[in-house]
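Notes follow the structure.
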Amino acid sequence: MIDPNPALAIIGLGPRGHYALECYILEREKSGPDQNLNILLFEETDQLGNGPVWDTSQPESNWSNVNGRILELPKRPKINVGSAVIEGFPSYHDWAKNNPATHSADIADYYPPRSLVGVYLYERFAALLRPLVESDIAKLVQERADAVALTETGACVTTRSGVQFFADQVLLAVGHQPTRQDPQIEGWQAEIETRDALCLFDEPYPVGPIVDAAETSTETAVAIRGYGLAAIDVVRAIADAHGSFSLRDEKLRELKFTPTKEVAPTIIPFSLDGLPMGPKPISEQLDRQFAPSEKVLEALGRELSDPELQARAKGKAFLLDAITPVIIGVFRGLEYKRDDTPSDNDALHHLVKAWIEDPAQGHKCFLDTGQPPIDLLKNLVQMANGSAPVSLDYCIGQVWRHCHPTIYRSLSHSALSDEVLADIISTDESMKRYAFGPPMESLQHLIALYEAGMLDLEYLADPGITVTDRGWVLTSGEDHTTAQVMVNAVLDAPKIADVRSPLIEGLLQDGLVAPVHDELGVATTADGYVISQNESVLPIAVLGRLAKGTIIGVDAILECFGDRPRAWASSAAKRAAINPIEAL
């Protein structure tokens, strides 16, 4: 039987909660097999170990944004803990029978569908959970946790149905949470209440209902608010339901879209700036040229992690001054780059920093964002496949991506002020257009759909929008079009003040958690434990995007299997042996 006062409760069993549990069990194994282990696990969905983002039932049109080559999810060794024997589980590469070492560096990288990665995570977690439950070490509660409160001996978790569970310590690994509704979406919802012919989706996932709404015997237009990764998933799902892509040029991976139905919907994406995401280089060989050397990255890490420099930092210039020479060094070493770049290092240094602060720079060494949208897509694809010289802005984004692990490691739990950290995180977010760009083939899909007449790019940059009985009327200059379906594909930022889940709202109202900054998430210690509003450390830990601010870089799947869950697990296992209130 499960002890009525278990030592640990984990809320959220997506990839981060999954790996945190695994790390905790590994840490407890070090104390020997004969110990009294009691764990409560809370997850409201059936996506155990993988979570909604990696839902195993989602269509294959939803792609991972991490190529299989670098999807290094480590193997799990065999574990003996308590009365449970947990068999080892292979790494993702071994499970997928996809060893990067056997692949030629010049072949196109493969980006697996998110459902495939989800199956791996689900199977790995199932092999962990089963022996823990059968040995009465763990209990799974498949219900939403709505509240966490402190008690004299630890914490109390209350579920949606009102059932209470007690624990010595709690880990929140809840991932994306519902947030305050965007005013524009809220206004649209009010306007279409009496207009049954119109359809509004306030989230891009799941894509199935959106595809169904686009299915009609008459011509339908689907507007997509957003032009990023989620928007591309929606576009690809609708396209797959109405036709197929075929390879027109194998070397350049150019595609052709062939409709299989007489009537296909028109898809109209739009965003504030109308700019597409820059794709990642097509192969390891092309990507390698943007990677700084280990020596350079180590030097960058030393500079960024210097506590004296951090304490004196006045803004994002602290990061820009450190990373700009790295970018310039890589750009100078490129064999195929634009030859209209200044030869003077001071001038180039100024251009790099100016572009990062404001991408609307007009220098000829940058990609011309004022050109027709289809030409911009093609230019980006050409740089990604090596058939066009690299622009300075494209190089900046790719180098920034390679520097991410160093930046995240150096600036998390730093001596930077909250204001400086918020400024740096804002800058990092603005770099996502290039640093978190999609596979090159995703842009090839957009190009093929445009050429097939299914994708309308005339209203990309902040169109005027009004709602009528006929639908959303989008206006750009003298042109206008009407969409009967509207999809919001702009994902929420990790701003805890905007979260609208009972769990997080209750923690804020009770003063148990405090935002690092008005625009960011919860303040935590280096091992993930919450620093309350009165600056005491609680027996409640937070891993993931709700801790953004204390830490940097929280959303990537590789971060879910990174150092932070391991650091938390080490501390949690040590605290489990004694009264956690005293330990903290």
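Going through the structure tokens in order, the chains are called A, B, and so on, while each chain numbers its residues from 1 and the ligands are numbered from 1 in the order shown.
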Excluding A:Val85 and its own-chain neighbours fewer than 4 positions away, which residues fall within 10 Å of it when counting only C-alpha atoms? Please give them as a PyMOL selection string. chain A and resi 33+78-81+128+130-132+135
Spatial neighbours of stretch 216-221 of chain A, 8 Å, only C-alpha atoms, chain gap at least 6 places, as a PyMOL selection string: chain A and resi 263-268+482-485
Dump as a PDB file, in the first residue's frame, selection limited to C-alpha atoms:
ATOM      1  CA  VAL A 263     -11.790  22.211 -54.330  1.00  0.00           C
ATOM      2  CA  ALA A 264      -9.008  23.118 -51.913  1.00  0.00           C
ATOM      3  CA  PRO A 265      -9.056  25.858 -49.283  1.00  0.00           C
ATOM      4  CA  THR A 266      -6.959  28.997 -49.550  1.00  0.00           C
ATOM      5  CA  ILE A 267      -4.593  29.479 -46.622  1.00  0.00           C
ATOM      6  CA  ILE A 268      -3.747  33.046 -45.556  1.00  0.00           C
ATOM      7  CA  THR A 482     -12.349  37.090 -46.559  1.00  0.00           C
ATOM      8  CA  ALA A 483     -11.694  34.012 -44.409  1.00  0.00           C
ATOM      9  CA  GLN A 484     -14.426  31.839 -42.915  1.00  0.00           C
ATOM     10  CA  VAL A 485     -11.985  30.065 -40.560  1.00  0.00           C
TER      11      VAL A 485
END
Going by DSSP on the backbone, which residues of stretch 223-401 of chain A come out as helix (DSSP H, G or I)? List them as a PyMOL selection string. chain A and resi 229-240+284-288+294-304+307-312+317-333+345-357+373-384+392-401
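For the set A:Ala108, A:Lys432, A:Arg225, A:Ser414, the residue with the smallest atom-to-atom gap to A:Gln184 is A:Arg225, counting only C-alpha atoms.
When only C-alpha atoms are used to measure the gap to A:Ser532, the shortest distance among A:Ala223, A:Leu150, A:Leu443, A:Leu455 belongs to A:Leu150.
DSSP secondary structure from the backbone places Ala108, Pro113, Ala138, Lys139, Leu140, Val141, Ala145, Asp146, Ala147, Val148, Ala149, Leu150, Ala155, Cys156, Val157 and Thr158 of chain A of stretch 94-158 of chain A in strand (DSSP E or B).
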Serialized selection, N, CA and C atoms, as a tab-separated table (two decimals), in the first residue's frame:
chain	number	residue	atom	x	y	z
A	108	ALA	N	20.68	15.14	-46.39
A	108	ALA	CA	19.73	16.02	-45.70
A	108	ALA	C	19.38	15.46	-44.33
A	113	PRO	N	8.55	13.10	-37.16
A	113	PRO	CA	7.27	13.63	-36.68
A	113	PRO	C	7.24	13.58	-35.16
A	138	ALA	N	5.12	3.66	-6.36
A	138	ALA	CA	4.49	4.84	-6.96
A	138	ALA	C	2.99	4.62	-7.14
A	139	LYS	N	2.25	5.72	-7.06
A	139	LYS	CA	0.83	5.70	-7.35
A	139	LYS	C	0.54	6.76	-8.39
A	140	LEU	N	-0.16	6.37	-9.45
A	140	LEU	CA	-0.52	7.30	-10.53
A	140	LEU	C	-1.91	7.85	-10.28
A	141	VAL	N	-2.02	9.17	-10.27
A	141	VAL	CA	-3.30	9.85	-10.12
A	141	VAL	C	-3.58	10.58	-11.44
A	145	ALA	N	-4.21	18.36	-10.95
A	145	ALA	CA	-3.88	18.91	-9.64
A	145	ALA	C	-4.21	20.39	-9.66
A	146	ASP	N	-5.11	20.81	-8.78
A	146	ASP	CA	-5.60	22.19	-8.80
A	146	ASP	C	-4.99	23.08	-7.72
A	147	ALA	N	-4.34	22.49	-6.72
A	147	ALA	CA	-3.78	23.32	-5.65
A	147	ALA	C	-2.65	22.59	-4.95
A	148	VAL	N	-1.68	23.38	-4.52
A	148	VAL	CA	-0.60	22.90	-3.66
A	148	VAL	C	-0.50	23.87	-2.49
A	149	ALA	N	-0.59	23.35	-1.28
A	149	ALA	CA	-0.50	24.19	-0.08
A	149	ALA	C	0.54	23.60	0.87
A	150	LEU	N	1.17	24.47	1.65
A	150	LEU	CA	2.13	24.00	2.63
A	150	LEU	C	1.43	23.46	3.86
A	155	ALA	N	3.72	19.34	2.16
A	155	ALA	CA	2.75	19.98	1.27
A	155	ALA	C	1.54	19.10	1.08
A	156	CYS	N	0.45	19.73	0.65
A	156	CYS	CA	-0.80	19.03	0.34
A	156	CYS	C	-1.19	19.35	-1.09
A	157	VAL	N	-1.46	18.32	-1.86
A	157	VAL	CA	-1.90	18.48	-3.25
A	157	VAL	C	-3.39	18.15	-3.32
A	158	THR	N	-4.18	19.09	-3.87
A	158	THR	CA	-5.62	18.88	-4.01
A	158	THR	C	-5.96	18.76	-5.49
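Interatomic distance, atom CA of A:Ser57 against atom CA of A:Leu229: 19.0 Å.
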Residue with smallest distance to A:Arg566 - pool A:Leu512, A:Gly17, A:Val53, A:Lys295, counting only C-alpha atoms: A:Gly17
Quick one: everything within 12 Å of A:Arg409, counting only C-alpha atoms, minus sequence neighbours fewer than 2 positions away in the same chain. Send it as a JSON list (two decimals) with N, CA and C atoms, in the first residue's frame.
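Saved to out.json:
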[["chain", "number", "residue", "atom", "x", "y", "z"],
["A", 297, "LEU", "N", 33.78, 28.54, -27.65],
["A", 297, "LEU", "CA", 32.61, 28.41, -26.78],
["A", 297, "LEU", "C", 33.02, 28.41, -25.30],
["A", 298, "GLU", "N", 34.13, 27.78, -25.00],
["A", 298, "GLU", "CA", 34.61, 27.78, -23.61],
["A", 298, "GLU", "C", 34.95, 29.20, -23.16],
["A", 300, "LEU", "N", 33.67, 31.96, -24.40],
["A", 300, "LEU", "CA", 32.40, 32.67, -24.27],
["A", 300, "LEU", "C", 31.74, 32.33, -22.94],
["A", 301, "GLY", "N", 31.77, 31.06, -22.58],
["A", 301, "GLY", "CA", 31.17, 30.64, -21.31],
["A", 301, "GLY", "C", 31.85, 31.27, -20.11],
["A", 302, "ARG", "N", 33.19, 31.36, -20.15],
["A", 302, "ARG", "CA", 33.91, 31.98, -19.04],
["A", 302, "ARG", "C", 33.53, 33.44, -18.88],
["A", 304, "LEU", "N", 30.69, 34.98, -19.97],
["A", 304, "LEU", "CA", 29.29, 35.16, -19.58],
["A", 304, "LEU", "C", 29.03, 34.73, -18.14],
["A", 305, "SER", "N", 29.79, 33.78, -17.63],
["A", 305, "SER", "CA", 29.53, 33.27, -16.28],
["A", 305, "SER", "C", 30.34, 33.99, -15.21],
["A", 403, "CYS", "N", 25.32, 28.64, -30.00],
["A", 403, "CYS", "CA", 25.77, 29.18, -28.71],
["A", 403, "CYS", "C", 24.74, 28.99, -27.60],
["A", 404, "HIS", "N", 23.54, 28.56, -27.94],
["A", 404, "HIS", "CA", 22.47, 28.44, -26.94],
["A", 404, "HIS", "C", 22.88, 27.66, -25.70],
["A", 405, "PRO", "N", 23.42, 26.45, -25.81],
["A", 405, "PRO", "CA", 23.76, 25.71, -24.59],
["A", 405, "PRO", "C", 24.72, 26.49, -23.68],
["A", 406, "THR", "N", 25.68, 27.18, -24.29],
["A", 406, "THR", "CA", 26.63, 27.96, -23.51],
["A", 406, "THR", "C", 25.94, 29.14, -22.83],
["A", 407, "ILE", "N", 25.07, 29.83, -23.56],
["A", 407, "ILE", "CA", 24.34, 30.97, -23.00],
["A", 407, "ILE", "C", 23.46, 30.50, -21.84],
["A", 411, "LEU", "N", 24.18, 31.75, -17.92],
["A", 411, "LEU", "CA", 23.35, 32.83, -17.39],
["A", 411, "LEU", "C", 22.22, 32.38, -16.48],
["A", 412, "SER", "N", 21.99, 31.08, -16.35],
["A", 412, "SER", "CA", 20.97, 30.61, -15.42],
["A", 412, "SER", "C", 21.52, 30.69, -14.00],
["A", 413, "HIS", "N", 20.68, 31.16, -13.08],
["A", 413, "HIS", "CA", 21.07, 31.35, -11.67],
["A", 413, "HIS", "C", 22.34, 32.19, -11.58],
["A", 414, "SER", "N", 22.30, 33.33, -12.25],
["A", 414, "SER", "CA", 23.47, 34.19, -12.34],
["A", 414, "SER", "C", 23.35, 35.37, -11.37],
["A", 526, "ALA", "N", 19.17, 27.06, -7.46],
["A", 526, "ALA", "CA", 19.91, 26.37, -8.53],
["A", 526, "ALA", "C", 19.42, 24.95, -8.73],
["A", 550, "THR", "N", 14.71, 32.82, -13.75],
["A", 550, "THR", "CA", 15.81, 32.31, -12.94],
["A", 550, "THR", "C", 16.74, 31.50, -13.84],
["A", 551, "ILE", "N", 16.12, 30.76, -14.76],
["A", 551, "ILE", "CA", 16.89, 30.00, -15.74],
["A", 551, "ILE", "C", 16.54, 30.49, -17.13],
["A", 552, "ILE", "N", 17.41, 30.19, -18.07],
["A", 552, "ILE", "CA", 17.20, 30.58, -19.46],
["A", 552, "ILE", "C", 17.22, 29.31, -20.30],
["A", 553, "GLY", "N", 16.33, 29.22, -21.27],
["A", 553, "GLY", "CA", 16.32, 28.05, -22.14],
["A", 553, "GLY", "C", 15.57, 26.91, -21.49],
["A", 554, "VAL", "N", 14.23, 26.87, -21.66],
["A", 554, "VAL", "CA", 13.44, 25.91, -20.90],
["A", 554, "VAL", "C", 12.56, 25.00, -21.76],
["A", 559, "GLU", "N", 16.56, 20.05, -23.34],
["A", 559, "GLU", "CA", 16.66, 20.62, -22.00],
["A", 559, "GLU", "C", 15.86, 19.79, -20.99],
["A", 562, "GLY", "N", 18.10, 17.30, -19.63],
["A", 562, "GLY", "CA", 19.39, 17.94, -19.38],
["A", 562, "GLY", "C", 19.80, 17.97, -17.92],
["A", 563, "ASP", "N", 20.64, 18.95, -17.60],
["A", 563, "ASP", "CA", 21.25, 19.05, -16.27],
["A", 563, "ASP", "C", 20.25, 19.41, -15.18],
["A", 564, "ARG", "N", 19.21, 20.19, -15.51],
["A", 564, "ARG", "CA", 18.33, 20.71, -14.47],
["A", 564, "ARG", "C", 17.52, 19.63, -13.77]]
Extract, using only C-alpha atoms, all DNA, RNA and protein residues at most 8 Å from A:Gln289, discarding same-chain residues fewer than 2 positions from it, and format them as a PDB file with C-alpha atoms, in the first residue's frame.
ATOM      1  CA  GLN A 285      28.041  19.461 -43.378  1.00  0.00           C
ATOM      2  CA  LEU A 286      26.418  22.840 -44.044  1.00  0.00           C
ATOM      3  CA  ASP A 287      25.440  23.311 -40.414  1.00  0.00           C
ATOM      4  CA  ALA A 291      29.426  26.133 -35.176  1.00  0.00           C
ATOM      5  CA  VAL A 330      32.420  32.428 -37.884  1.00  0.00           C
ATOM      6  CA  LEU A 334      32.542  31.115 -44.310  1.00  0.00           C
TER       7      LEU A 334
END
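Here atom CA of A:Ala452 stands at a distance of 12.5 Å from atom CA of A:Ile374.
Of the residues listed (A:Gly471, A:Gly208, A:Gly453, A:Gly528), A:Gly453 shows the shortest atom-to-atom separation from A:Thr258; distances use only C-alpha atoms.
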